[in-house]
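**Q** Structure supplied as target.cif; contents: mmCIF, N, CA and C atoms.
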```
data_start
#
loop_
_atom_site.label_atom_id
_atom_site.label_comp_id
_atom_site.auth_asym_id
_atom_site.auth_seq_id
_atom_site.Cartn_x
_atom_site.Cartn_y
_atom_site.Cartn_z
N MET A 664 24.05 -16.94 6.96
CA MET A 664 22.74 -17.42 6.52
C MET A 664 22.42 -16.74 5.19
N PRO A 665 22.02 -17.49 4.16
CA PRO A 665 21.68 -16.89 2.88
C PRO A 665 20.48 -15.97 2.99
N ALA A 666 20.43 -14.96 2.11
CA ALA A 666 19.35 -13.97 2.13
C ALA A 666 17.98 -14.62 1.97
N THR A 667 17.88 -15.68 1.17
CA THR A 667 16.58 -16.30 0.95
C THR A 667 16.03 -16.89 2.24
N ASN A 668 16.85 -17.56 3.02
CA ASN A 668 16.38 -18.12 4.29
C ASN A 668 16.02 -17.01 5.27
N ARG A 669 16.81 -15.95 5.32
CA ARG A 669 16.54 -14.84 6.22
C ARG A 669 15.22 -14.18 5.86
N ALA A 670 14.95 -13.98 4.58
CA ALA A 670 13.70 -13.34 4.16
C ALA A 670 12.51 -14.20 4.54
N THR A 671 12.58 -15.48 4.28
CA THR A 671 11.47 -16.38 4.58
C THR A 671 11.19 -16.42 6.07
N SER A 672 12.21 -16.58 6.89
CA SER A 672 11.99 -16.68 8.34
C SER A 672 11.53 -15.35 8.92
N ALA A 673 12.01 -14.24 8.40
CA ALA A 673 11.59 -12.94 8.91
C ALA A 673 10.14 -12.67 8.59
N VAL A 674 9.70 -12.98 7.37
CA VAL A 674 8.30 -12.78 7.00
C VAL A 674 7.42 -13.67 7.86
N ARG A 675 7.81 -14.91 8.04
CA ARG A 675 7.01 -15.85 8.83
C ARG A 675 6.90 -15.39 10.28
N SER A 676 7.98 -14.89 10.88
CA SER A 676 7.96 -14.50 12.28
C SER A 676 7.18 -13.21 12.51
N VAL A 677 7.14 -12.31 11.56
CA VAL A 677 6.44 -11.04 11.74
C VAL A 677 4.94 -11.19 11.56
N ARG A 678 4.50 -12.08 10.67
CA ARG A 678 3.09 -12.22 10.35
C ARG A 678 2.22 -12.40 11.59
N GLY A 679 2.64 -13.20 12.54
CA GLY A 679 1.81 -13.50 13.69
C GLY A 679 1.80 -12.41 14.75
N THR A 680 2.70 -11.44 14.69
CA THR A 680 2.82 -10.48 15.78
C THR A 680 2.51 -9.04 15.41
N MET A 681 2.42 -8.73 14.16
CA MET A 681 2.22 -7.34 13.74
C MET A 681 0.94 -7.22 12.92
N PRO A 682 0.33 -6.03 12.94
CA PRO A 682 -0.83 -5.83 12.05
C PRO A 682 -0.39 -5.95 10.59
N THR A 683 -1.25 -6.55 9.79
CA THR A 683 -0.92 -6.81 8.39
C THR A 683 -2.11 -6.46 7.52
N ILE A 684 -1.82 -5.88 6.36
CA ILE A 684 -2.86 -5.64 5.36
C ILE A 684 -2.52 -6.44 4.12
N TRP A 685 -3.54 -6.83 3.39
CA TRP A 685 -3.38 -7.59 2.15
C TRP A 685 -4.09 -6.84 1.05
N GLY A 686 -3.53 -6.86 -0.13
CA GLY A 686 -4.20 -6.23 -1.25
C GLY A 686 -3.32 -6.12 -2.47
N GLN A 687 -3.84 -5.43 -3.47
CA GLN A 687 -3.11 -5.23 -4.72
C GLN A 687 -2.21 -4.02 -4.61
N LEU A 688 -0.99 -4.18 -5.07
CA LEU A 688 -0.05 -3.08 -5.11
C LEU A 688 -0.50 -2.11 -6.19
N GLU A 689 -0.92 -0.93 -5.77
CA GLU A 689 -1.49 0.02 -6.72
C GLU A 689 -0.44 1.00 -7.25
N LYS A 690 0.54 1.33 -6.42
CA LYS A 690 1.55 2.29 -6.85
C LYS A 690 2.83 2.07 -6.07
N VAL A 691 3.97 2.22 -6.75
CA VAL A 691 5.29 2.19 -6.11
C VAL A 691 5.94 3.52 -6.43
N ASP A 692 6.26 4.29 -5.39
CA ASP A 692 6.88 5.60 -5.59
C ASP A 692 8.25 5.59 -4.95
N GLU A 693 9.28 5.41 -5.77
CA GLU A 693 10.66 5.35 -5.27
C GLU A 693 11.28 6.73 -5.12
N LEU A 694 10.68 7.75 -5.70
CA LEU A 694 11.31 9.07 -5.74
C LEU A 694 10.73 10.04 -4.73
N PHE A 695 10.00 9.55 -3.74
CA PHE A 695 9.42 10.39 -2.70
C PHE A 695 10.53 11.07 -1.92
N ALA A 696 10.36 12.33 -1.57
CA ALA A 696 11.41 13.14 -0.96
C ALA A 696 12.02 12.52 0.30
N ARG A 697 11.18 12.01 1.20
CA ARG A 697 11.71 11.48 2.46
C ARG A 697 12.09 10.01 2.36
N SER A 698 11.20 9.22 1.83
CA SER A 698 11.47 7.79 1.67
C SER A 698 10.51 7.22 0.63
N PRO A 699 10.90 6.12 0.00
CA PRO A 699 9.98 5.51 -0.96
C PRO A 699 8.74 5.01 -0.25
N HIS A 700 7.64 4.88 -0.98
CA HIS A 700 6.42 4.35 -0.39
C HIS A 700 5.62 3.59 -1.44
N ILE A 701 4.67 2.82 -0.94
CA ILE A 701 3.77 2.08 -1.80
C ILE A 701 2.34 2.44 -1.43
N LYS A 702 1.43 2.19 -2.37
CA LYS A 702 0.00 2.30 -2.10
C LYS A 702 -0.61 0.93 -2.37
N VAL A 703 -1.42 0.46 -1.41
CA VAL A 703 -2.05 -0.84 -1.51
C VAL A 703 -3.56 -0.64 -1.49
N LYS A 704 -4.26 -1.33 -2.40
CA LYS A 704 -5.72 -1.27 -2.47
C LYS A 704 -6.29 -2.57 -1.95
N THR A 705 -7.16 -2.45 -0.93
CA THR A 705 -7.81 -3.60 -0.33
C THR A 705 -9.30 -3.50 -0.54
N SER A 706 -9.92 -4.59 -0.95
CA SER A 706 -11.37 -4.64 -1.14
C SER A 706 -12.00 -5.40 0.02
N LEU A 707 -13.00 -4.78 0.65
CA LEU A 707 -13.70 -5.39 1.76
C LEU A 707 -15.07 -5.87 1.30
N PRO A 708 -15.71 -6.73 2.08
CA PRO A 708 -17.07 -7.16 1.72
C PRO A 708 -17.99 -5.95 1.57
N GLY A 709 -18.95 -6.06 0.68
CA GLY A 709 -19.88 -4.97 0.45
C GLY A 709 -19.39 -3.95 -0.55
N GLY A 710 -18.29 -4.27 -1.24
CA GLY A 710 -17.77 -3.36 -2.25
C GLY A 710 -16.97 -2.18 -1.72
N ILE A 711 -16.61 -2.21 -0.45
CA ILE A 711 -15.83 -1.11 0.14
C ILE A 711 -14.36 -1.28 -0.25
N VAL A 712 -13.76 -0.20 -0.74
CA VAL A 712 -12.36 -0.21 -1.15
C VAL A 712 -11.58 0.74 -0.24
N ILE A 713 -10.46 0.25 0.27
CA ILE A 713 -9.58 1.06 1.11
C ILE A 713 -8.22 1.14 0.43
N ARG A 714 -7.66 2.32 0.37
CA ARG A 714 -6.30 2.51 -0.15
C ARG A 714 -5.42 2.98 1.00
N VAL A 715 -4.26 2.31 1.16
CA VAL A 715 -3.36 2.58 2.26
C VAL A 715 -1.98 2.88 1.71
N ARG A 716 -1.34 3.89 2.28
CA ARG A 716 0.03 4.22 1.89
C ARG A 716 0.97 3.78 3.00
N ALA A 717 2.08 3.15 2.63
CA ALA A 717 3.07 2.71 3.60
C ALA A 717 4.45 3.14 3.15
N ASN A 718 5.19 3.76 4.07
CA ASN A 718 6.58 4.14 3.79
C ASN A 718 7.47 2.91 3.83
N ILE A 719 8.49 2.92 2.98
CA ILE A 719 9.48 1.85 2.94
C ILE A 719 10.78 2.41 3.50
N GLY A 720 11.21 1.87 4.63
CA GLY A 720 12.45 2.33 5.26
C GLY A 720 13.63 1.45 4.91
N ALA A 721 14.79 1.82 5.42
CA ALA A 721 16.01 1.06 5.15
C ALA A 721 15.95 -0.34 5.72
N GLU A 722 15.17 -0.56 6.78
CA GLU A 722 15.07 -1.86 7.42
C GLU A 722 13.90 -2.70 6.90
N THR A 723 13.11 -2.17 5.97
CA THR A 723 11.96 -2.91 5.45
C THR A 723 12.44 -4.12 4.66
N LEU A 724 11.91 -5.29 5.00
CA LEU A 724 12.25 -6.52 4.28
C LEU A 724 11.23 -6.71 3.17
N ILE A 725 11.71 -6.86 1.94
CA ILE A 725 10.84 -7.08 0.79
C ILE A 725 11.20 -8.44 0.19
N ALA A 726 10.19 -9.29 0.01
CA ALA A 726 10.46 -10.64 -0.53
C ALA A 726 9.37 -11.03 -1.51
N ARG A 727 9.78 -11.77 -2.53
CA ARG A 727 8.86 -12.38 -3.50
C ARG A 727 9.12 -13.87 -3.39
N GLY A 728 8.13 -14.60 -2.89
CA GLY A 728 8.38 -16.02 -2.62
C GLY A 728 9.44 -16.13 -1.54
N THR A 729 10.54 -16.80 -1.84
CA THR A 729 11.62 -16.93 -0.87
C THR A 729 12.81 -16.05 -1.20
N GLU A 730 12.69 -15.22 -2.23
CA GLU A 730 13.80 -14.36 -2.67
C GLU A 730 13.63 -12.93 -2.18
N SER A 731 14.67 -12.36 -1.61
CA SER A 731 14.66 -10.94 -1.26
C SER A 731 14.72 -10.11 -2.53
N VAL A 732 13.97 -9.01 -2.57
CA VAL A 732 14.00 -8.12 -3.73
C VAL A 732 14.12 -6.69 -3.25
N ASP A 733 14.56 -5.83 -4.14
CA ASP A 733 14.67 -4.41 -3.87
C ASP A 733 13.34 -3.73 -4.20
N VAL A 734 13.14 -2.54 -3.68
CA VAL A 734 11.90 -1.81 -3.95
C VAL A 734 11.69 -1.62 -5.45
N SER A 735 12.76 -1.50 -6.20
CA SER A 735 12.63 -1.34 -7.66
C SER A 735 12.09 -2.60 -8.33
N GLY A 736 12.11 -3.74 -7.62
CA GLY A 736 11.59 -4.99 -8.16
C GLY A 736 10.09 -5.18 -7.95
N LEU A 737 9.45 -4.26 -7.23
CA LEU A 737 8.00 -4.35 -7.02
C LEU A 737 7.27 -3.85 -8.25
N ARG A 738 6.16 -4.53 -8.60
CA ARG A 738 5.40 -4.15 -9.77
C ARG A 738 3.93 -3.91 -9.40
N GLU A 739 3.37 -2.89 -9.99
CA GLU A 739 1.96 -2.59 -9.76
C GLU A 739 1.11 -3.77 -10.20
N GLY A 740 0.06 -4.05 -9.44
CA GLY A 740 -0.83 -5.16 -9.76
C GLY A 740 -0.53 -6.43 -8.98
N GLU A 741 0.65 -6.50 -8.36
CA GLU A 741 1.00 -7.69 -7.59
C GLU A 741 0.20 -7.72 -6.29
N PHE A 742 -0.12 -8.92 -5.80
CA PHE A 742 -0.82 -9.09 -4.53
C PHE A 742 0.24 -9.13 -3.44
N VAL A 743 0.10 -8.26 -2.44
CA VAL A 743 1.10 -8.15 -1.39
C VAL A 743 0.47 -8.28 0.00
N GLU A 744 1.30 -8.71 0.94
CA GLU A 744 0.99 -8.68 2.36
C GLU A 744 1.98 -7.69 2.97
N VAL A 745 1.47 -6.70 3.67
CA VAL A 745 2.34 -5.69 4.26
C VAL A 745 2.13 -5.67 5.77
N SER A 746 3.16 -6.02 6.54
CA SER A 746 3.09 -5.84 7.98
C SER A 746 3.65 -4.45 8.26
N TYR A 747 3.12 -3.80 9.29
CA TYR A 747 3.47 -2.40 9.48
C TYR A 747 3.46 -1.98 10.95
N ARG A 748 4.07 -0.82 11.18
CA ARG A 748 3.98 -0.10 12.46
C ARG A 748 3.34 1.24 12.14
N HIS A 749 2.69 1.81 13.12
CA HIS A 749 2.10 3.13 12.92
C HIS A 749 3.22 4.16 12.95
N GLY A 750 3.32 4.93 11.88
CA GLY A 750 4.36 5.95 11.77
C GLY A 750 3.85 7.32 12.18
N ARG A 751 4.66 8.30 11.93
CA ARG A 751 4.28 9.68 12.25
C ARG A 751 3.22 10.17 11.27
N GLU A 752 2.42 11.09 11.74
CA GLU A 752 1.40 11.75 10.92
C GLU A 752 0.41 10.77 10.31
N GLY A 753 0.16 9.64 10.97
CA GLY A 753 -0.84 8.69 10.51
C GLY A 753 -0.45 7.83 9.33
N ILE A 754 0.78 7.93 8.86
CA ILE A 754 1.25 7.11 7.74
C ILE A 754 1.89 5.85 8.29
N LEU A 755 1.67 4.73 7.64
CA LEU A 755 2.21 3.46 8.09
C LEU A 755 3.67 3.31 7.66
N ASP A 756 4.45 2.64 8.49
CA ASP A 756 5.83 2.29 8.15
C ASP A 756 5.87 0.79 7.91
N ALA A 757 6.18 0.38 6.69
CA ALA A 757 6.23 -1.04 6.34
C ALA A 757 7.40 -1.72 7.04
N VAL A 758 7.13 -2.86 7.66
CA VAL A 758 8.18 -3.68 8.26
C VAL A 758 8.57 -4.78 7.26
N THR A 759 7.55 -5.45 6.70
CA THR A 759 7.80 -6.43 5.64
C THR A 759 6.79 -6.22 4.52
N ILE A 760 7.24 -6.47 3.31
CA ILE A 760 6.37 -6.49 2.14
C ILE A 760 6.61 -7.84 1.48
N TYR A 761 5.59 -8.68 1.50
CA TYR A 761 5.71 -10.01 0.92
C TYR A 761 4.82 -10.10 -0.31
N VAL A 762 5.44 -10.32 -1.45
CA VAL A 762 4.71 -10.46 -2.71
C VAL A 762 4.32 -11.92 -2.86
N ARG A 763 3.03 -12.18 -3.08
CA ARG A 763 2.56 -13.55 -3.27
C ARG A 763 2.55 -13.84 -4.76
N PRO A 764 3.58 -14.51 -5.25
CA PRO A 764 3.74 -14.70 -6.69
C PRO A 764 2.59 -15.46 -7.35
N GLU A 765 1.91 -16.32 -6.63
CA GLU A 765 0.83 -17.09 -7.24
C GLU A 765 -0.39 -16.23 -7.51
N GLN A 766 -0.45 -15.00 -6.97
CA GLN A 766 -1.60 -14.14 -7.18
C GLN A 766 -1.26 -12.87 -7.93
N THR A 767 -0.15 -12.88 -8.67
CA THR A 767 0.26 -11.71 -9.43
C THR A 767 -0.74 -11.43 -10.55
N VAL A 768 -1.09 -10.17 -10.71
CA VAL A 768 -2.00 -9.76 -11.76
C VAL A 768 -1.20 -9.00 -12.81
N VAL A 769 -1.27 -9.42 -14.05
CA VAL A 769 -0.55 -8.74 -15.12
C VAL A 769 -1.50 -7.72 -15.75
N SER A 770 -1.04 -6.46 -15.80
CA SER A 770 -1.90 -5.43 -16.39
C SER A 770 -1.35 -4.90 -17.67
#
```
Written as structure tokens, how would this file's structure read?
**A**
Amino acid sequence: MPATNRATSAVRSVRGTMPTIWGQLEKVDELFARSPHIKVKTSLPGGIVIRVRANIGAETLIARGTESVDVSGLREGEFVEVSYRHGREGILDAVTIYVRPEQTVVS
């Protein structure tokens, strides 16, 4: 099965079963000692802003549209959907990171 089909079906199947956050990709840190991670900024009604950090593991699926991408292909300002599991010490472990190309913000 080509990587593009696998990425699309995996993102679609996880969305309905796992907790997911949506927001702007605020930071990509590939050089973190234990594992790379991202920071996502979500705006809630009433002007409330939440920033969430999620670790990126070896099994994390990252896709932009229907194409699989590497963590180095993520850019700050992009709108992402992150499905996750609760990790150790209160930090989230990303299962999928889906970049929504139609909502990319160029900074």
**Q** For Val762 of chain A, which residue out of A:Arg697, A:Thr723, A:Lys704, A:Gln687 is the nearest one, using only C-alpha atoms?
**A** A:Gln687
**Q** Between A:Leu737, A:Val732, A:Leu724, A:Ile754, which has the minimum distance to Val691 of chain A (counting only C-alpha atoms)?
**A** A:Leu737
**Q** Report, in Å to a single decimal, how far apart atom CA of Ser731 of chain A and atom CA of His749 of chain A are.
**A**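 Calculated distance between atom CA of His749 of chain A and atom CA of Ser731 of chain A is 23.6 Å.
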**Q** What is the distance, in Å and to one decimal place, between atom CA of Thr683 of chain A and atom C of Ser746 of chain A?
**A**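 Atom C of Ser746 of chain A lies 5.1 Å from atom CA of Thr683 of chain A.
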**Q** The PyMOL selection byres (((chain A and resi 686 and name CA) around 12) and name CA) on the file shown: which residues, as number ranges by chain?
**A** A: 683-685, 687-690, 701-707, 712-716, 739-746, 760-763, 766-768
**Q** Calculated over all atoms listed in the file, which of the candidates A:Asp733, A:Thr680, A:Leu755, A:Leu694 has the smallest distance to Ile719 of chain A?
**A**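 The closest residue to Ile719 of chain A is A:Leu755.
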**Q** Just checking: using all atoms listed in the file, which residue out of A:Ala726, A:Met681, A:Asn718, A:Gly710 ends up closest to Ser698 of chain A?
**A**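 Ranked by minimum distance to Ser698 of chain A, first place goes to A:Asn718.
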**Q** What gap, in Å, lies between atom C of His700 of chain A and atom CA of Pro682 of chain A?
**A**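 Calculated distance between atom C of His700 of chain A and atom CA of Pro682 of chain A is 17.7 Å.
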**Q** Could you check the closest approach to Asp756 of chain A for each of A:Arg738, A:Gly728, A:Ala717, A:Glu722 and tell me which residue wins, using all atoms listed in the file?
**A**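 Ranking A:Arg738, A:Gly728, A:Ala717, A:Glu722 by distance to Asp756 of chain A, first place goes to A:Ala717.
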**Q** Report as a ChimeraX atom specification: the residues of segment 675-764 of chain A with a DSSP assignment of strand (DSSP E), based on the backbone of this structure.
**A** /A:683-692,700-707,711-727,730-731,742-749,755-762
**Q** Output N, CA and C atoms for every residue in that selection, as a compact mmCIF listing (two decimals), keeping the file's coordinate frame.
**A**
```
# COMPACT_ATOMS: atom_id res chain seq x y z
N THR A 683 -1.25 -6.55 9.79
CA THR A 683 -0.92 -6.81 8.39
C THR A 683 -2.11 -6.46 7.52
N ILE A 684 -1.82 -5.88 6.36
CA ILE A 684 -2.86 -5.64 5.36
C ILE A 684 -2.52 -6.44 4.12
N TRP A 685 -3.54 -6.83 3.39
CA TRP A 685 -3.38 -7.59 2.15
C TRP A 685 -4.09 -6.84 1.05
N GLY A 686 -3.53 -6.86 -0.13
CA GLY A 686 -4.20 -6.23 -1.25
C GLY A 686 -3.32 -6.12 -2.47
N GLN A 687 -3.84 -5.43 -3.47
CA GLN A 687 -3.11 -5.23 -4.72
C GLN A 687 -2.21 -4.02 -4.61
N LEU A 688 -0.99 -4.18 -5.07
CA LEU A 688 -0.05 -3.08 -5.11
C LEU A 688 -0.50 -2.11 -6.19
N GLU A 689 -0.92 -0.93 -5.77
CA GLU A 689 -1.49 0.02 -6.72
C GLU A 689 -0.44 1.00 -7.25
N LYS A 690 0.54 1.33 -6.42
CA LYS A 690 1.55 2.29 -6.85
C LYS A 690 2.83 2.07 -6.07
N VAL A 691 3.97 2.22 -6.75
CA VAL A 691 5.29 2.19 -6.11
C VAL A 691 5.94 3.52 -6.43
N ASP A 692 6.26 4.29 -5.39
CA ASP A 692 6.88 5.60 -5.59
C ASP A 692 8.25 5.59 -4.95
N HIS A 700 7.64 4.88 -0.98
CA HIS A 700 6.42 4.35 -0.39
C HIS A 700 5.62 3.59 -1.44
N ILE A 701 4.67 2.82 -0.94
CA ILE A 701 3.77 2.08 -1.80
C ILE A 701 2.34 2.44 -1.43
N LYS A 702 1.43 2.19 -2.37
CA LYS A 702 0.00 2.30 -2.10
C LYS A 702 -0.61 0.93 -2.37
N VAL A 703 -1.42 0.46 -1.41
CA VAL A 703 -2.05 -0.84 -1.51
C VAL A 703 -3.56 -0.64 -1.49
N LYS A 704 -4.26 -1.33 -2.40
CA LYS A 704 -5.72 -1.27 -2.47
C LYS A 704 -6.29 -2.57 -1.95
N THR A 705 -7.16 -2.45 -0.93
CA THR A 705 -7.81 -3.60 -0.33
C THR A 705 -9.30 -3.50 -0.54
N SER A 706 -9.92 -4.59 -0.95
CA SER A 706 -11.37 -4.64 -1.14
C SER A 706 -12.00 -5.40 0.02
N LEU A 707 -13.00 -4.78 0.65
CA LEU A 707 -13.70 -5.39 1.76
C LEU A 707 -15.07 -5.87 1.30
N ILE A 711 -16.61 -2.21 -0.45
CA ILE A 711 -15.83 -1.11 0.14
C ILE A 711 -14.36 -1.28 -0.25
N VAL A 712 -13.76 -0.20 -0.74
CA VAL A 712 -12.36 -0.21 -1.15
C VAL A 712 -11.58 0.74 -0.24
N ILE A 713 -10.46 0.25 0.27
CA ILE A 713 -9.58 1.06 1.11
C ILE A 713 -8.22 1.14 0.43
N ARG A 714 -7.66 2.32 0.37
CA ARG A 714 -6.30 2.51 -0.15
C ARG A 714 -5.42 2.98 1.00
N VAL A 715 -4.26 2.31 1.16
CA VAL A 715 -3.36 2.58 2.26
C VAL A 715 -1.98 2.88 1.71
N ARG A 716 -1.34 3.89 2.28
CA ARG A 716 0.03 4.22 1.89
C ARG A 716 0.97 3.78 3.00
N ALA A 717 2.08 3.15 2.63
CA ALA A 717 3.07 2.71 3.60
C ALA A 717 4.45 3.14 3.15
N ASN A 718 5.19 3.76 4.07
CA ASN A 718 6.58 4.14 3.79
C ASN A 718 7.47 2.91 3.83
N ILE A 719 8.49 2.92 2.98
CA ILE A 719 9.48 1.85 2.94
C ILE A 719 10.78 2.41 3.50
N GLY A 720 11.21 1.87 4.63
CA GLY A 720 12.45 2.33 5.26
C GLY A 720 13.63 1.45 4.91
N ALA A 721 14.79 1.82 5.42
CA ALA A 721 16.01 1.06 5.15
C ALA A 721 15.95 -0.34 5.72
N GLU A 722 15.17 -0.56 6.78
CA GLU A 722 15.07 -1.86 7.42
C GLU A 722 13.90 -2.70 6.90
N THR A 723 13.11 -2.17 5.97
CA THR A 723 11.96 -2.91 5.45
C THR A 723 12.44 -4.12 4.66
N LEU A 724 11.91 -5.29 5.00
CA LEU A 724 12.25 -6.52 4.28
C LEU A 724 11.23 -6.71 3.17
N ILE A 725 11.71 -6.86 1.94
CA ILE A 725 10.84 -7.08 0.79
C ILE A 725 11.20 -8.44 0.19
N ALA A 726 10.19 -9.29 0.01
CA ALA A 726 10.46 -10.64 -0.53
C ALA A 726 9.37 -11.03 -1.51
N ARG A 727 9.78 -11.77 -2.53
CA ARG A 727 8.86 -12.38 -3.50
C ARG A 727 9.12 -13.87 -3.39
N GLU A 730 12.69 -15.22 -2.23
CA GLU A 730 13.80 -14.36 -2.67
C GLU A 730 13.63 -12.93 -2.18
N SER A 731 14.67 -12.36 -1.61
CA SER A 731 14.66 -10.94 -1.26
C SER A 731 14.72 -10.11 -2.53
N PHE A 742 -0.12 -8.92 -5.80
CA PHE A 742 -0.82 -9.09 -4.53
C PHE A 742 0.24 -9.13 -3.44
N VAL A 743 0.10 -8.26 -2.44
CA VAL A 743 1.10 -8.15 -1.39
C VAL A 743 0.47 -8.28 0.00
N GLU A 744 1.30 -8.71 0.94
CA GLU A 744 0.99 -8.68 2.36
C GLU A 744 1.98 -7.69 2.97
N VAL A 745 1.47 -6.70 3.67
CA VAL A 745 2.34 -5.69 4.26
C VAL A 745 2.13 -5.67 5.77
N SER A 746 3.16 -6.02 6.54
CA SER A 746 3.09 -5.84 7.98
C SER A 746 3.65 -4.45 8.26
N TYR A 747 3.12 -3.80 9.29
CA TYR A 747 3.47 -2.40 9.48
C TYR A 747 3.46 -1.98 10.95
N ARG A 748 4.07 -0.82 11.18
CA ARG A 748 3.98 -0.10 12.46
C ARG A 748 3.34 1.24 12.14
N HIS A 749 2.69 1.81 13.12
CA HIS A 749 2.10 3.13 12.92
C HIS A 749 3.22 4.16 12.95
N LEU A 755 1.67 4.73 7.64
CA LEU A 755 2.21 3.46 8.09
C LEU A 755 3.67 3.31 7.66
N ASP A 756 4.45 2.64 8.49
CA ASP A 756 5.83 2.29 8.15
C ASP A 756 5.87 0.79 7.91
N ALA A 757 6.18 0.38 6.69
CA ALA A 757 6.23 -1.04 6.34
C ALA A 757 7.40 -1.72 7.04
N VAL A 758 7.13 -2.86 7.66
CA VAL A 758 8.18 -3.68 8.26
C VAL A 758 8.57 -4.78 7.26
N THR A 759 7.55 -5.45 6.70
CA THR A 759 7.80 -6.43 5.64
C THR A 759 6.79 -6.22 4.52
N ILE A 760 7.24 -6.47 3.31
CA ILE A 760 6.37 -6.49 2.14
C ILE A 760 6.61 -7.84 1.48
N TYR A 761 5.59 -8.68 1.50
CA TYR A 761 5.71 -10.01 0.92
C TYR A 761 4.82 -10.10 -0.31
N VAL A 762 5.44 -10.32 -1.45
CA VAL A 762 4.71 -10.46 -2.71
C VAL A 762 4.32 -11.92 -2.86
```
**Q** Please determine, counting only C-alpha atoms, which residue among A:Asp692, A:Val734, A:Ile711, A:Gly720 has the shortest atom-to-atom distance to Gly750 of chain A.
**A**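 Nearest candidate to Gly750 of chain A out of A:Asp692, A:Val734, A:Ile711, A:Gly720: A:Gly720.
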